[in-house]
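> Here you go, upload-v5.pdb (PDB, C-alpha atoms):
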```
ATOM      1  CA  PRO A  21      48.647  69.173 -35.728
ATOM      2  CA  ARG A  22      48.138  70.160 -32.094
ATOM      3  CA  ALA A  23      44.356  70.396 -32.556
ATOM      4  CA  LEU A  24      44.452  67.044 -34.227
ATOM      5  CA  LEU A  25      46.278  65.541 -31.253
ATOM      6  CA  VAL A  26      43.737  66.991 -28.847
ATOM      7  CA  ASP A  27      40.862  65.576 -30.881
ATOM      8  CA  MET A  28      42.532  62.182 -30.974
ATOM      9  CA  GLY A  29      42.976  62.340 -27.203
ATOM     10  CA  ARG A  30      39.311  63.060 -26.675
ATOM     11  CA  GLU A  31      38.353  60.121 -28.889
ATOM     12  CA  ASN A  32      40.645  57.776 -27.004
ATOM     13  CA  LYS A  33      39.216  58.917 -23.643
ATOM     14  CA  THR A  34      35.690  58.271 -24.914
ATOM     15  CA  ASP A  35      36.729  54.867 -26.171
ATOM     16  CA  ARG A  36      38.267  54.047 -22.818
ATOM     17  CA  LEU A  37      35.085  55.075 -21.016
ATOM     18  CA  GLY A  38      33.065  52.916 -23.402
ATOM     19  CA  ARG A  39      35.362  49.967 -22.909
ATOM     20  CA  ASN A  40      35.198  50.337 -19.123
ATOM     21  CA  LEU A  41      31.432  50.560 -19.268
ATOM     22  CA  HIS A  42      31.321  47.450 -21.454
ATOM     23  CA  ARG A  43      33.567  45.605 -19.002
ATOM     24  CA  HIS A  44      31.245  46.514 -16.134
ATOM     25  CA  GLU A  45      28.219  45.376 -18.140
ATOM     26  CA  VAL A  46      29.905  42.067 -18.968
ATOM     27  CA  LYS A  47      30.908  41.653 -15.337
ATOM     28  CA  ASP A  48      27.364  42.426 -14.179
ATOM     29  CA  ARG A  49      25.946  39.892 -16.634
ATOM     30  CA  ARG A  50      28.424  37.261 -15.428
ATOM     31  CA  ILE A  51      27.471  37.961 -11.821
ATOM     32  CA  ALA A  52      23.768  37.783 -12.747
ATOM     33  CA  ARG A  53      24.289  34.457 -14.568
ATOM     34  CA  LYS A  54      26.254  33.117 -11.611
ATOM     35  CA  ASP A  55      23.538  34.202  -9.188
ATOM     36  CA  ALA A  56      20.905  32.599 -11.435
ATOM     37  CA  ARG A  57      22.882  29.342 -11.582
ATOM     38  CA  GLU A  58      23.352  29.335  -7.830
ATOM     39  CA  SER A  59      19.670  30.085  -7.284
ATOM     40  CA  ALA A  60      18.686  27.332  -9.711
ATOM     41  CA  ALA A  61      21.068  24.936  -7.954
ATOM     42  CA  VAL A  62      19.534  25.818  -4.593
ATOM     43  CA  ASP A  63      16.013  25.361  -5.985
ATOM     44  CA  LYS A  64      17.032  22.046  -7.535
ATOM     45  CA  ALA A  65      18.552  20.890  -4.259
ATOM     46  CA  LYS A  66      15.395  21.911  -2.383
ATOM     47  CA  ARG A  67      13.231  20.051  -4.894
ATOM     48  CA  ALA A  68      15.469  16.996  -4.598
ATOM     49  CA  GLN A  69      15.243  17.139  -0.805
ATOM     50  CA  SER A  70      11.480  17.558  -1.003
ATOM     51  CA  THR A  71      11.198  14.652  -3.449
ATOM     52  CA  ALA A  72      13.408  12.448  -1.264
ATOM     53  CA  ALA A  73      11.327  13.348   1.800
ATOM     54  CA  ASP A  74       8.108  12.569  -0.088
ATOM     55  CA  LEU A  75       9.433   9.199  -1.276
ATOM     56  CA  ASP A  76      10.580   8.370   2.253
ATOM     57  CA  ASP A  77       7.099   9.333   3.407
ATOM     58  CA  ILE A  78       5.565   6.936   0.866
ATOM     59  CA  ASP A  79       7.819   4.056   1.918
ATOM     60  CA  LYS A  80       7.141   4.736   5.603
ATOM     61  CA  ALA A  81       3.370   4.833   5.088
ATOM     62  CA  LEU A  82       3.396   1.549   3.162
ATOM     63  CA  ARG A  83       5.552  -0.136   5.831
ATOM     64  CA  GLU A  84       3.155   1.017   8.538
ATOM     65  CA  LEU A  85       0.241  -0.410   6.563
ATOM     66  CA  GLU A  86       1.992  -3.769   6.206
ATOM     67  CA  ASN A  87       2.511  -3.863   9.975
ATOM     68  CA  GLU A  88      -1.176  -3.112  10.536
ATOM     69  CA  ARG A  89      -2.244  -5.853   8.138
ATOM     70  CA  ALA A  90       0.049  -8.342   9.862
ATOM     71  CA  GLN A  91      -2.207  -8.061  12.925
ATOM     72  CA  LEU A  92      -5.251  -9.239  10.982
ATOM     73  CA  LYS A  93      -6.420 -12.829  11.147
ATOM     74  CA  GLY A  94      -7.710 -13.985   7.788
ATOM     75  CA  VAL A  95     -10.556 -12.016   6.207
ATOM     76  CA  GLU A  96     -13.007  -9.723   7.998
ATOM     77  CA  THR A  97     -16.332  -8.440   6.636
ATOM     78  CA  GLN A  98     -17.665  -5.222   8.153
ATOM     79  CA  LEU A  99     -21.213  -4.012   7.460
ATOM     80  CA  LEU A 100     -21.665  -0.246   7.285
ATOM     81  CA  PRO A 101     -24.939   1.128   8.680
ATOM     82  CA  VAL A 102     -27.701   1.397   6.078
ATOM     83  CA  GLY A 103     -27.421   4.715   4.261
ATOM     84  CA  GLU A 104     -23.827   5.372   5.354
ATOM     85  CA  ASN A 105     -21.344   5.859   2.524
ATOM     86  CA  PRO A 106     -17.583   5.212   2.361
ATOM     87  CA  LYS A 107     -15.183   8.155   2.637
ATOM     88  CA  ALA A 108     -15.186  10.620  -0.260
ATOM     89  CA  ARG A 109     -12.678   9.767  -2.982
ATOM     90  CA  VAL A 110     -11.670  10.046  -6.646
ATOM     91  CA  ASN A 111      -9.987   7.683  -9.108
ATOM     92  CA  ALA A 112     -11.284   4.510  -7.453
ATOM     93  CA  SER A 113     -12.419   1.518  -9.510
ATOM     94  CA  LEU A 114     -16.105   0.543  -9.603
ATOM     95  CA  VAL A 115     -17.340  -2.599 -11.391
ATOM     96  CA  ASP A 116     -20.379  -4.866 -11.468
ATOM     97  CA  HIS A 117     -20.269  -7.853  -9.141
ATOM     98  CA  PRO A 118     -19.466 -10.786 -11.482
ATOM     99  CA  LEU A 119     -22.240 -12.954  -9.989
ATOM    100  CA  GLN A 120     -24.649 -10.740  -8.032
ATOM    101  CA  LYS A 121     -26.550  -8.451 -10.403
ATOM    102  CA  ASP A 122     -27.648  -6.173  -7.557
ATOM    103  CA  GLU A 123     -24.151  -5.430  -6.253
ATOM    104  CA  LEU A 124     -21.254  -3.159  -7.195
ATOM    105  CA  VAL A 125     -17.611  -3.544  -6.141
ATOM    106  CA  MET A 126     -15.293  -0.606  -5.424
ATOM    107  CA  PHE A 127     -11.597  -0.556  -4.578
ATOM    108  CA  GLY A 128      -9.151   2.175  -3.542
ATOM    109  CA  GLY A 129      -9.202   5.822  -4.568
ATOM    110  CA  ALA A 130      -7.772   9.039  -3.121
ATOM    111  CA  TYR A 131      -8.919  12.209  -1.388
ATOM    112  CA  TYR A 132      -7.200  15.592  -0.869
ATOM    113  CA  ASP A 133      -8.514  17.664   2.041
ATOM    114  CA  GLY A 134      -6.610  20.839   1.147
ATOM    115  CA  GLN A 135      -3.588  19.946   3.256
ATOM    116  CA  ARG A 136      -2.667  16.346   2.567
ATOM    117  CA  GLU A 137      -3.500  13.422   0.316
ATOM    118  CA  PHE A 138      -5.198  10.254   1.550
ATOM    119  CA  VAL A 139      -4.978   7.027  -0.493
ATOM    120  CA  TYR A 140      -7.240   4.064   0.260
ATOM    121  CA  ASP A 141      -6.926   0.291   0.022
ATOM    122  CA  ASP A 142     -10.430  -0.724   1.077
ATOM    123  CA  LEU A 143     -12.565  -3.189  -0.882
ATOM    124  CA  LEU A 144     -16.237  -2.235  -0.637
ATOM    125  CA  VAL A 145     -19.326  -4.009  -1.966
ATOM    126  CA  TYR A 146     -22.574  -2.063  -2.377
ATOM    127  CA  ASN A 147     -25.922  -3.827  -2.278
ATOM    128  CA  ILE A 148     -28.273  -1.753  -4.412
ATOM    129  CA  LYS A 149     -31.521  -3.149  -3.010
ATOM    130  CA  LYS A 150     -30.493  -2.740   0.632
ATOM    131  CA  CYS A 151     -28.661   0.568   0.077
ATOM    132  CA  GLN A 152     -25.850  -0.835   2.187
ATOM    133  CA  TRP A 153     -22.083  -1.129   1.893
ATOM    134  CA  ARG A 154     -19.907  -3.858   3.331
ATOM    135  CA  ARG A 155     -16.139  -3.624   3.675
ATOM    136  CA  ILE A 156     -13.909  -6.663   3.123
ATOM    137  CA  VAL A 157     -10.592  -6.455   4.980
ATOM    138  CA  ALA A 158      -7.881  -9.018   4.269
ATOM    139  CA  ARG A 159      -4.346  -9.581   5.515
ATOM    140  CA  THR A 160      -3.122 -10.053   1.960
ATOM    141  CA  ALA A 161      -4.344  -7.313  -0.376
ATOM    142  CA  PRO A 162      -3.118  -4.739  -2.907
ATOM    143  CA  ALA A 163      -1.365  -1.651  -1.522
ATOM    144  CA  PRO A 164      -3.373   1.602  -1.308
ATOM    145  CA  ARG A 165      -3.750   3.146  -4.756
ATOM    146  CA  CYS A 166      -5.761   5.285  -7.117
ATOM    147  CA  GLY A 167      -5.790   5.551 -10.897
ATOM    148  CA  HIS A 168      -5.754   1.749 -11.247
ATOM    149  CA  SER A 169      -8.125  -0.315 -13.374
ATOM    150  CA  ALA A 170     -10.334  -3.302 -12.595
ATOM    151  CA  ALA A 171     -12.297  -5.855 -14.621
ATOM    152  CA  VAL A 172     -14.433  -8.851 -13.671
ATOM    153  CA  ARG A 173     -15.316 -12.242 -15.113
ATOM    154  CA  PRO A 174     -17.974 -14.683 -13.858
ATOM    155  CA  ALA A 175     -15.901 -17.867 -14.288
ATOM    156  CA  LEU A 176     -14.342 -19.780 -11.388
ATOM    157  CA  GLY A 177     -16.859 -18.496  -8.868
ATOM    158  CA  GLY A 178     -16.431 -14.865  -9.863
ATOM    159  CA  GLN A 179     -13.180 -12.926 -10.113
ATOM    160  CA  MET A 180     -12.104  -9.284 -10.111
ATOM    161  CA  PHE A 181      -8.739  -8.426 -11.636
ATOM    162  CA  LEU A 182      -6.871  -5.253 -10.692
ATOM    163  CA  PHE A 183      -3.794  -3.788 -12.372
ATOM    164  CA  GLY A 184      -1.457  -0.850 -11.716
ATOM    165  CA  GLY A 185      -2.329   2.537 -10.283
ATOM    166  CA  GLU A 186      -0.369   4.876  -8.047
ATOM    167  CA  TYR A 187       0.249   5.826  -4.445
ATOM    168  CA  VAL A 188       0.401   9.592  -3.919
ATOM    169  CA  SER A 189       2.616  11.221  -1.287
ATOM    170  CA  ARG A 190       0.965  13.301   1.445
ATOM    171  CA  THR A 191       1.924  16.517  -0.368
ATOM    172  CA  GLY A 192       0.509  15.210  -3.644
ATOM    173  CA  ALA A 193       3.773  16.078  -5.432
ATOM    174  CA  ASN A 194       5.265  12.600  -5.893
ATOM    175  CA  PHE A 195       3.967   9.219  -6.936
ATOM    176  CA  LYS A 196       4.753   5.537  -6.701
ATOM    177  CA  HIS A 197       3.377   3.779  -9.779
ATOM    178  CA  TYR A 198       2.436   0.109  -9.613
ATOM    179  CA  GLY A 199       2.778  -2.571 -12.278
ATOM    180  CA  ASP A 200       1.289  -5.450 -10.286
ATOM    181  CA  LEU A 201      -1.677  -7.660 -11.130
ATOM    182  CA  TRP A 202      -4.080  -8.947  -8.475
ATOM    183  CA  VAL A 203      -7.194 -11.119  -8.568
ATOM    184  CA  PHE A 204      -9.952 -11.218  -5.954
ATOM    185  CA  ASN A 205     -11.804 -14.539  -5.782
ATOM    186  CA  PHE A 206     -15.340 -13.945  -4.510
ATOM    187  CA  THR A 207     -16.014 -17.516  -3.421
ATOM    188  CA  GLU A 208     -13.063 -17.366  -1.037
ATOM    189  CA  ASN A 209     -13.164 -13.619  -0.268
ATOM    190  CA  ALA A 210      -9.417 -13.655  -0.869
ATOM    191  CA  TRP A 211      -6.851 -11.687  -2.859
ATOM    192  CA  GLU A 212      -4.046 -13.313  -4.851
ATOM    193  CA  GLU A 213      -1.080 -11.477  -6.340
ATOM    194  CA  LEU A 214      -0.450 -12.855  -9.831
ATOM    195  CA  GLU A 215       2.722 -10.864 -10.463
ATOM    196  CA  SER A 216       4.770 -13.378  -8.451
ATOM    197  CA  ASN A 217       2.757 -16.428  -9.530
ATOM    198  CA  PRO A 218       5.052 -18.768 -11.509
ATOM    199  CA  SER A 219       2.159 -19.763 -13.784
ATOM    200  CA  VAL A 220       2.102 -16.232 -15.284
ATOM    201  CA  SER A 221       4.569 -15.758 -18.149
ATOM    202  CA  GLY A 222       5.486 -13.095 -20.678
ATOM    203  CA  LYS A 223       6.322  -9.432 -20.128
ATOM    204  CA  PRO A 224       3.602  -7.492 -18.260
ATOM    205  CA  PRO A 225       2.835  -3.814 -18.909
ATOM    206  CA  SER A 226       5.151  -1.281 -17.317
ATOM    207  CA  PRO A 227       3.993   0.501 -14.118
ATOM    208  CA  ARG A 228       1.348   3.106 -14.930
ATOM    209  CA  SER A 229      -1.803   4.957 -13.878
ATOM    210  CA  GLY A 230      -4.860   6.173 -15.732
ATOM    211  CA  HIS A 231      -4.879   3.140 -18.038
ATOM    212  CA  ARG A 232      -7.967   1.100 -18.850
ATOM    213  CA  MET A 233      -8.586  -2.645 -18.616
ATOM    214  CA  VAL A 234     -11.482  -4.781 -19.865
ATOM    215  CA  PHE A 235     -12.340  -8.460 -19.890
ATOM    216  CA  VAL A 236     -13.246  -9.980 -23.264
ATOM    217  CA  GLN A 237     -14.920 -13.371 -23.427
ATOM    218  CA  GLY A 238     -12.940 -14.699 -26.379
ATOM    219  CA  PRO A 239     -12.194 -17.493 -26.889
ATOM    220  CA  PRO A 240      -9.774 -17.467 -25.297
ATOM    221  CA  PRO A 241     -10.868 -15.261 -22.372
ATOM    222  CA  ARG A 242      -8.533 -12.279 -22.073
ATOM    223  CA  LEU A 243      -7.721  -9.164 -20.101
ATOM    224  CA  ILE A 244      -6.834  -6.212 -22.330
ATOM    225  CA  ILE A 245      -4.991  -3.126 -21.054
ATOM    226  CA  PHE A 246      -4.633   0.092 -23.031
ATOM    227  CA  GLY A 247      -2.794   3.375 -22.451
ATOM    228  CA  GLY A 248      -2.108   5.197 -19.201
ATOM    229  CA  PHE A 249       0.759   7.398 -18.057
ATOM    230  CA  PHE A 250       3.892   7.391 -15.890
ATOM    231  CA  ASP A 251       4.980  10.465 -13.918
ATOM    232  CA  ASN A 252       8.225  10.584 -11.936
ATOM    233  CA  ALA A 253       7.797  14.309 -11.088
ATOM    234  CA  ARG A 254      11.000  15.120 -12.994
ATOM    235  CA  GLY A 255       9.554  16.331 -16.283
ATOM    236  CA  THR A 256       6.657  15.844 -18.651
ATOM    237  CA  PRO A 257       4.678  12.664 -17.815
ATOM    238  CA  ARG A 258       5.024   9.842 -20.314
ATOM    239  CA  TYR A 259       1.774   8.724 -21.921
ATOM    240  CA  PHE A 260       1.164   5.313 -23.503
ATOM    241  CA  ASN A 261      -0.863   3.929 -26.398
ATOM    242  CA  ASP A 262       0.326   0.332 -26.093
ATOM    243  CA  VAL A 263      -2.013  -2.660 -25.872
ATOM    244  CA  HIS A 264      -1.250  -5.600 -23.583
ATOM    245  CA  ILE A 265      -3.233  -8.833 -23.457
ATOM    246  CA  LEU A 266      -3.261 -11.463 -20.728
ATOM    247  CA  ASP A 267      -4.570 -14.807 -21.982
ATOM    248  CA  LEU A 268      -6.527 -16.176 -19.012
ATOM    249  CA  GLY A 269      -6.240 -19.694 -20.367
ATOM    250  CA  SER A 270      -2.454 -19.855 -20.449
ATOM    251  CA  TYR A 271      -1.815 -16.792 -18.238
ATOM    252  CA  THR A 272       0.581 -15.371 -20.799
ATOM    253  CA  TRP A 273       1.188 -11.661 -21.363
ATOM    254  CA  THR A 274       1.521 -10.370 -24.931
ATOM    255  CA  GLU A 275       2.083  -6.816 -26.155
ATOM    256  CA  LEU A 276       0.404  -6.194 -29.503
ATOM    257  CA  ALA A 277       2.689  -5.036 -32.320
ATOM    258  CA  PHE A 278       1.269  -2.859 -35.075
ATOM    259  CA  PRO A 279       2.941  -1.955 -38.402
ATOM    260  CA  THR A 280       4.746   1.399 -38.322
ATOM    261  CA  THR A 281       2.460   2.589 -41.137
ATOM    262  CA  ALA A 282      -0.731   1.595 -39.322
ATOM    263  CA  MET A 283      -3.070   4.230 -37.902
ATOM    264  CA  VAL A 284      -3.223   3.935 -34.117
ATOM    265  CA  PRO A 285      -4.610   6.177 -31.344
ATOM    266  CA  GLU A 286      -2.350   8.817 -29.843
ATOM    267  CA  PRO A 287      -0.959   8.075 -26.371
ATOM    268  CA  ARG A 288      -3.413   8.984 -23.599
ATOM    269  CA  SER A 289      -4.826   8.242 -20.192
ATOM    270  CA  ALA A 290      -8.334   8.510 -18.737
ATOM    271  CA  THR A 291      -9.966   7.165 -21.888
ATOM    272  CA  GLN A 292     -13.300   5.338 -21.808
ATOM    273  CA  MET A 293     -12.976   1.697 -22.850
ATOM    274  CA  CYS A 294     -15.472  -1.120 -23.284
ATOM    275  CA  ALA A 295     -15.374  -4.681 -24.570
ATOM    276  CA  GLY A 296     -17.243  -5.699 -27.709
ATOM    277  CA  PHE A 297     -20.171  -8.124 -27.582
ATOM    278  CA  ASP A 298     -18.368 -10.324 -30.096
ATOM    279  CA  GLY A 299     -15.719 -11.210 -27.487
ATOM    280  CA  GLN A 300     -12.956 -10.250 -29.913
ATOM    281  CA  SER A 301     -12.807  -6.457 -29.822
ATOM    282  CA  PHE A 302     -12.797  -3.326 -27.672
ATOM    283  CA  THR A 303     -13.551   0.351 -28.238
ATOM    284  CA  ILE A 304     -12.069   3.524 -26.723
ATOM    285  CA  PHE A 305     -13.303   7.103 -26.625
ATOM    286  CA  GLY A 306     -11.482  10.306 -25.686
ATOM    287  CA  GLY A 307      -8.867  10.684 -22.988
ATOM    288  CA  TYR A 308      -6.215  13.132 -21.872
ATOM    289  CA  SER A 309      -2.496  13.648 -22.510
ATOM    290  CA  VAL A 310       0.218  16.271 -22.062
ATOM    291  CA  LYS A 311       2.702  17.311 -24.729
ATOM    292  CA  ARG A 312       5.852  19.426 -24.571
ATOM    293  CA  VAL A 313       5.497  22.301 -27.072
ATOM    294  CA  LYS A 314       8.282  24.272 -28.809
ATOM    295  CA  THR A 315       8.364  26.916 -26.083
ATOM    296  CA  GLY A 316       9.314  24.217 -23.590
ATOM    297  CA  ALA A 317       5.983  24.397 -21.775
ATOM    298  CA  ASP A 318       3.623  21.475 -21.218
ATOM    299  CA  ARG A 319       0.239  21.643 -22.928
ATOM    300  CA  GLY A 320      -2.708  19.457 -22.014
ATOM    301  CA  GLN A 321      -4.847  17.887 -24.712
ATOM    302  CA  ILE A 322      -8.347  16.435 -24.368
ATOM    303  CA  HIS A 323      -9.093  13.799 -27.014
ATOM    304  CA  SER A 324     -12.511  13.282 -28.591
ATOM    305  CA  ASP A 325     -11.824  10.493 -31.098
ATOM    306  CA  VAL A 326     -13.335   6.990 -31.185
ATOM    307  CA  TRP A 327     -11.302   3.885 -32.046
ATOM    308  CA  SER A 328     -12.045   0.187 -32.230
ATOM    309  CA  CYS A 329      -9.455  -2.599 -32.041
ATOM    310  CA  SER A 330     -10.550  -6.018 -33.342
ATOM    311  CA  TRP A 331      -9.114  -9.456 -33.885
ATOM    312  CA  VAL A 332      -9.248 -10.174 -37.633
ATOM    313  CA  GLU A 333      -9.217 -13.929 -38.116
ATOM    314  CA  SER A 334      -8.269 -13.802 -41.802
ATOM    315  CA  ASP A 335      -5.189 -11.693 -41.052
ATOM    316  CA  GLU A 336      -4.504 -13.395 -37.708
ATOM    317  CA  ARG A 337      -3.799 -10.063 -36.033
ATOM    318  CA  TRP A 338      -5.402  -7.168 -34.174
ATOM    319  CA  ILE A 339      -6.246  -4.063 -36.204
ATOM    320  CA  TRP A 340      -7.132  -0.527 -35.087
ATOM    321  CA  THR A 341      -9.959   1.265 -36.900
ATOM    322  CA  ARG A 342     -10.774   4.938 -36.373
ATOM    323  CA  LEU A 343     -14.557   5.255 -36.147
ATOM    324  CA  ARG A 344     -14.896   9.029 -35.684
ATOM    325  CA  PRO A 345     -12.457  11.931 -35.988
TER     326      PRO A 345
END
```
How does the structure come out when it is put into structure tokens?

Amino acid sequence: PRALLVDMGRENKTDRLGRNLHRHEVKDRRIARKDARESAAVDKAKRAQSTAADLDDIDKALRELENERAQLKGVETQLLPVGENPKARVNASLVDHPLQKDELVMFGGAYYDGQREFVYDDLLVYNIKKCQWRRIVARTAPAPRCGHSAAVRPALGGQMFLFGGEYVSRTGANFKHYGDLWVFNFTENAWEELESNPSVSGKPPSPRSGHRMVFVQGPPPRLIIFGGFFDNARGTPRYFNDVHILDLGSYTWTELAFPTTAMVPEPRSATQMCAGFDGQSFTIFGGYSVKRVKTGADRGQIHSDVWSCSWVESDERWIWTRLRP
């Protein structure tokens, strides 16, 4: 019996040591989890402060620009020396002049020099024969932006429409997306914001960048916008595959509705888009999107499919058709 009691005592001591060790392990894990939560909270607070500072920086920069524009008197045209190019940039819009076959029209864009981001609001016209740019500066004009889309039509003396885009903070980490629509009238060399024009009705597309817009002759003449993305720097960007049409006869916005069983393109930005010669269709190719995978990581996807969207008179609706896989 005595030996038995001694053995039982040894077992109890071992159990106590094990329990104490377990308690210390649990305590260490709790401390580690607490430290991780506190570290995550600090990181989150720092990111929030950085985001708030970036957004304040955006608002400040746009206010300063408005003050600079207020000093302008009407519209100014500045000729650049022959052979001199505008500042380097990406994600600007470049379209044919609606009336002059030897001219191209560029607006906006952005440039990162390795330290900060620059976003432009200049309207530049390039004369191909003369190899010369001219800059048109107006008191009333769209805010600086990149990732927008532009389209032209020759009617009414020539017009260029511009929708959406984004302003990038100096750090390049935060964005202000636009959902405004502007038109530049070439006969008057003047911009007009249509977003606040009472003649425009219907629900316009949501703010976005990387979308595409084309002009189709119709009848009726229309602007068609497809896709794009919205990024608030708080998670995976949201990509779109919606189609919005602005009837330029009635100036009414309409978002196309497709049956839930219909085949439609996946959401994307940066696609290539062109209007059909029939005046009642458009075609897209490729594009880019980001998806959240099961691991919680974001995965980029480059698309290589071709789709056409056409107005079918007999059905009185628009229909998507996949042309190539």
> Counting all atoms listed in the file, which residues in segment 80-196 of chain A sit no more than 12 Å from segment 261-281 of chain A? For each one, give the nearest pair of atoms and the distance in Å, sorted by chain then residue number, as CSV.

```
residue,atom,partner,partner_atom,distance
A:Arg173,CA,A:Leu268,CA,10.4
A:Ala175,CA,A:Leu268,CA,10.6
A:Leu176,CA,A:Leu268,CA,11.5
A:Gln179,CA,A:Leu268,CA,11.6
A:Phe181,CA,A:Leu268,CA,10.9
A:Phe183,CA,A:Leu266,CA,11.4
```
> Using atom CA of Arg228 of chain A and atom CA of Val145 of chain A as the two end points, give the distance in Å to one decimal.
25.4 Å
> Which one is closest to Glu213 of chain A: A:Gly128, A:Gly184, A:Gly167, A:Gly238? Count all atoms listed in the file.
A:Gly184
> One decimal, in Å: what's the spacing between atom CA of Leu243 of chain A and atom CA of Arg344 of chain A?
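These two atoms are separated by 25.0 Å.
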> Box along x, y and z, 4 Å on every side, all listed atoms of segment 78-82 of chain A inside: centre and edge lengths in Å to one decimal, as AutoDock Vina command-line options.

```
--center_x 5.6 --center_y 4.2 --center_z 3.2 --size_x 12.4 --size_y 13.4 --size_z 12.7
```
> Would you translate the PyMOL selection byres ((chain A and resi 342) around 7) into the concrete set of residues it matches in this file, as an MDAnalysis selection string?
chainID A and resid 326:328 340:341 343:344
> Quote the spacing between atom CA of Ala158 of chain A and atom CA of Val236 of chain A in Å to one decimal place.
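Here the two named atoms are 28.1 Å from each other.
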> Enumerate, as a list of chain:residue names, the residues matched when the PyMOL selection byres ((chain A and resi 172) around 10) is run on the file above.
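Going through the file, the PyMOL selection byres ((chain A and resi 172) around 10) ends up selecting A:Val115, A:Asp116, A:His117, A:Pro118, A:Leu119, A:Val125, A:Ala170, A:Ala171, A:Arg173, A:Pro174, A:Ala175, A:Gly178, A:Gln179, A:Met180, A:Phe181, A:Leu182, A:Val203, A:Phe204, A:Met233, A:Val234, A:Phe235, A:Val236, A:Leu243.
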> For each of A:Gly255, A:Gly230, A:Gly320, A:Gly185, take the minimum atom-to-atom distance to Gln292 of chain A, counting all atoms listed in the file, then give the residue where this is smallest.
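When distances to Gln292 of chain A are compared using all atoms listed in the file, the smallest one comes from A:Gly230.
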> Find the residue from A:Phe250, A:Trp153, A:Phe138, A:Tyr146 that sits nearest to Phe195 of chain A; use all atoms listed in the file when measuring.
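Result for the nearest residue to Phe195 of chain A: A:Phe250.
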> For each of A:Tyr132, A:Phe127, A:Phe249, A:Trp211, take the minimum atom-to-atom distance to Leu144 of chain A, counting all atoms listed in the file, then give the residue where this is smallest.
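Of all the options, A:Phe127 lies closest to Leu144 of chain A.
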> Considering only C-alpha atoms, return as a VMD selection string whatever protein or nucleic-acid residues lie within 9 Å of Ser229 of chain A, sequence-local ones (same chain, fewer than 2 positions apart) excluded.
chain A and resid 166 to 169 184 to 186 197 to 199 227 231 to 232 247 to 251 289 to 290
> Compile the contact shell of Glu215 of chain A as number ranges by chain: residues with an atom at most 9 Å away, counting only C-alpha atoms, same-chain residues fewer than 6 positions apart removed.
A: 199-202, 224
> Please tell me which residues are no farther than 12 Å from (-14.9, -5.5, 5.6) in the file, counting only C-alpha atoms, and write them as a count of residues only.
25
> Calculated over only C-alpha atoms, which of the candidates A:Arg312, A:Gln152, A:Ala112, A:Val139 has the smallest distance to Met126 of chain A?
A:Ala112
> Decode the PyMOL selection byres ((chain A and resi 123) around 6) for the given file into explicit residues and return them as a CSV table (one decimal) with C-alpha atoms, in the coordinates of the input.

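Final file, expr.csv:
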```csv
chain,number,residue,atom,x,y,z
A,117,HIS,CA,-20.3,-7.9,-9.1
A,120,GLN,CA,-24.6,-10.7,-8.0
A,121,LYS,CA,-26.6,-8.5,-10.4
A,122,ASP,CA,-27.6,-6.2,-7.6
A,124,LEU,CA,-21.3,-3.2,-7.2
A,146,TYR,CA,-22.6,-2.1,-2.4
A,147,ASN,CA,-25.9,-3.8,-2.3
A,148,ILE,CA,-28.3,-1.8,-4.4
```
> Which of these residues is nearest to Ile339 of chain A, using all atoms listed in the file: A:Ser226, A:Ser301, A:Thr191, A:Ser221?
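Under the stated criterion, the closest residue is A:Ser301.
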> Where atoms are missing, can you supply N, CA, C and O atoms for segment 265-272 of chain A and output the lot as an mmCIF file, keeping the file's coordinate frame?

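New file result08.cif:
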```
data_model
loop_
_atom_site.group_PDB
_atom_site.id
_atom_site.type_symbol
_atom_site.label_atom_id
_atom_site.label_comp_id
_atom_site.auth_asym_id
_atom_site.auth_seq_id
_atom_site.Cartn_x
_atom_site.Cartn_y
_atom_site.Cartn_z
ATOM 1 N N ILE A 265 -2.189 -7.821 -23.622
ATOM 2 C CA ILE A 265 -3.233 -8.833 -23.457
ATOM 3 C C ILE A 265 -2.720 -9.952 -22.556
ATOM 4 O O ILE A 265 -1.608 -10.456 -22.735
ATOM 5 N N LEU A 266 -3.544 -10.299 -21.563
ATOM 6 C CA LEU A 266 -3.261 -11.463 -20.728
ATOM 7 C C LEU A 266 -4.260 -12.558 -21.084
ATOM 8 O O LEU A 266 -5.465 -12.411 -20.859
ATOM 9 N N ASP A 267 -3.744 -13.643 -21.661
ATOM 10 C CA ASP A 267 -4.570 -14.807 -21.982
ATOM 11 C C ASP A 267 -4.880 -15.521 -20.665
ATOM 12 O O ASP A 267 -3.970 -16.013 -19.990
ATOM 13 N N LEU A 268 -6.156 -15.571 -20.291
ATOM 14 C CA LEU A 268 -6.527 -16.176 -19.012
ATOM 15 C C LEU A 268 -6.624 -17.691 -19.084
ATOM 16 O O LEU A 268 -6.944 -18.340 -18.075
ATOM 17 N N GLY A 269 -6.336 -18.239 -20.253
ATOM 18 C CA GLY A 269 -6.240 -19.694 -20.367
ATOM 19 C C GLY A 269 -4.832 -20.153 -20.045
ATOM 20 O O GLY A 269 -4.613 -21.065 -19.239
ATOM 21 N N SER A 270 -3.859 -19.494 -20.659
ATOM 22 C CA SER A 270 -2.454 -19.855 -20.449
ATOM 23 C C SER A 270 -1.744 -18.924 -19.480
ATOM 24 O O SER A 270 -0.606 -19.174 -19.101
ATOM 25 N N TYR A 271 -2.408 -17.831 -19.088
ATOM 26 C CA TYR A 271 -1.815 -16.792 -18.238
ATOM 27 C C TYR A 271 -0.487 -16.305 -18.819
ATOM 28 O O TYR A 271 0.542 -16.274 -18.152
ATOM 29 N N THR A 272 -0.580 -15.891 -20.086
ATOM 30 C CA THR A 272 0.581 -15.371 -20.799
ATOM 31 C C THR A 272 0.329 -13.941 -21.240
ATOM 32 O O THR A 272 -0.702 -13.648 -21.854
#
```
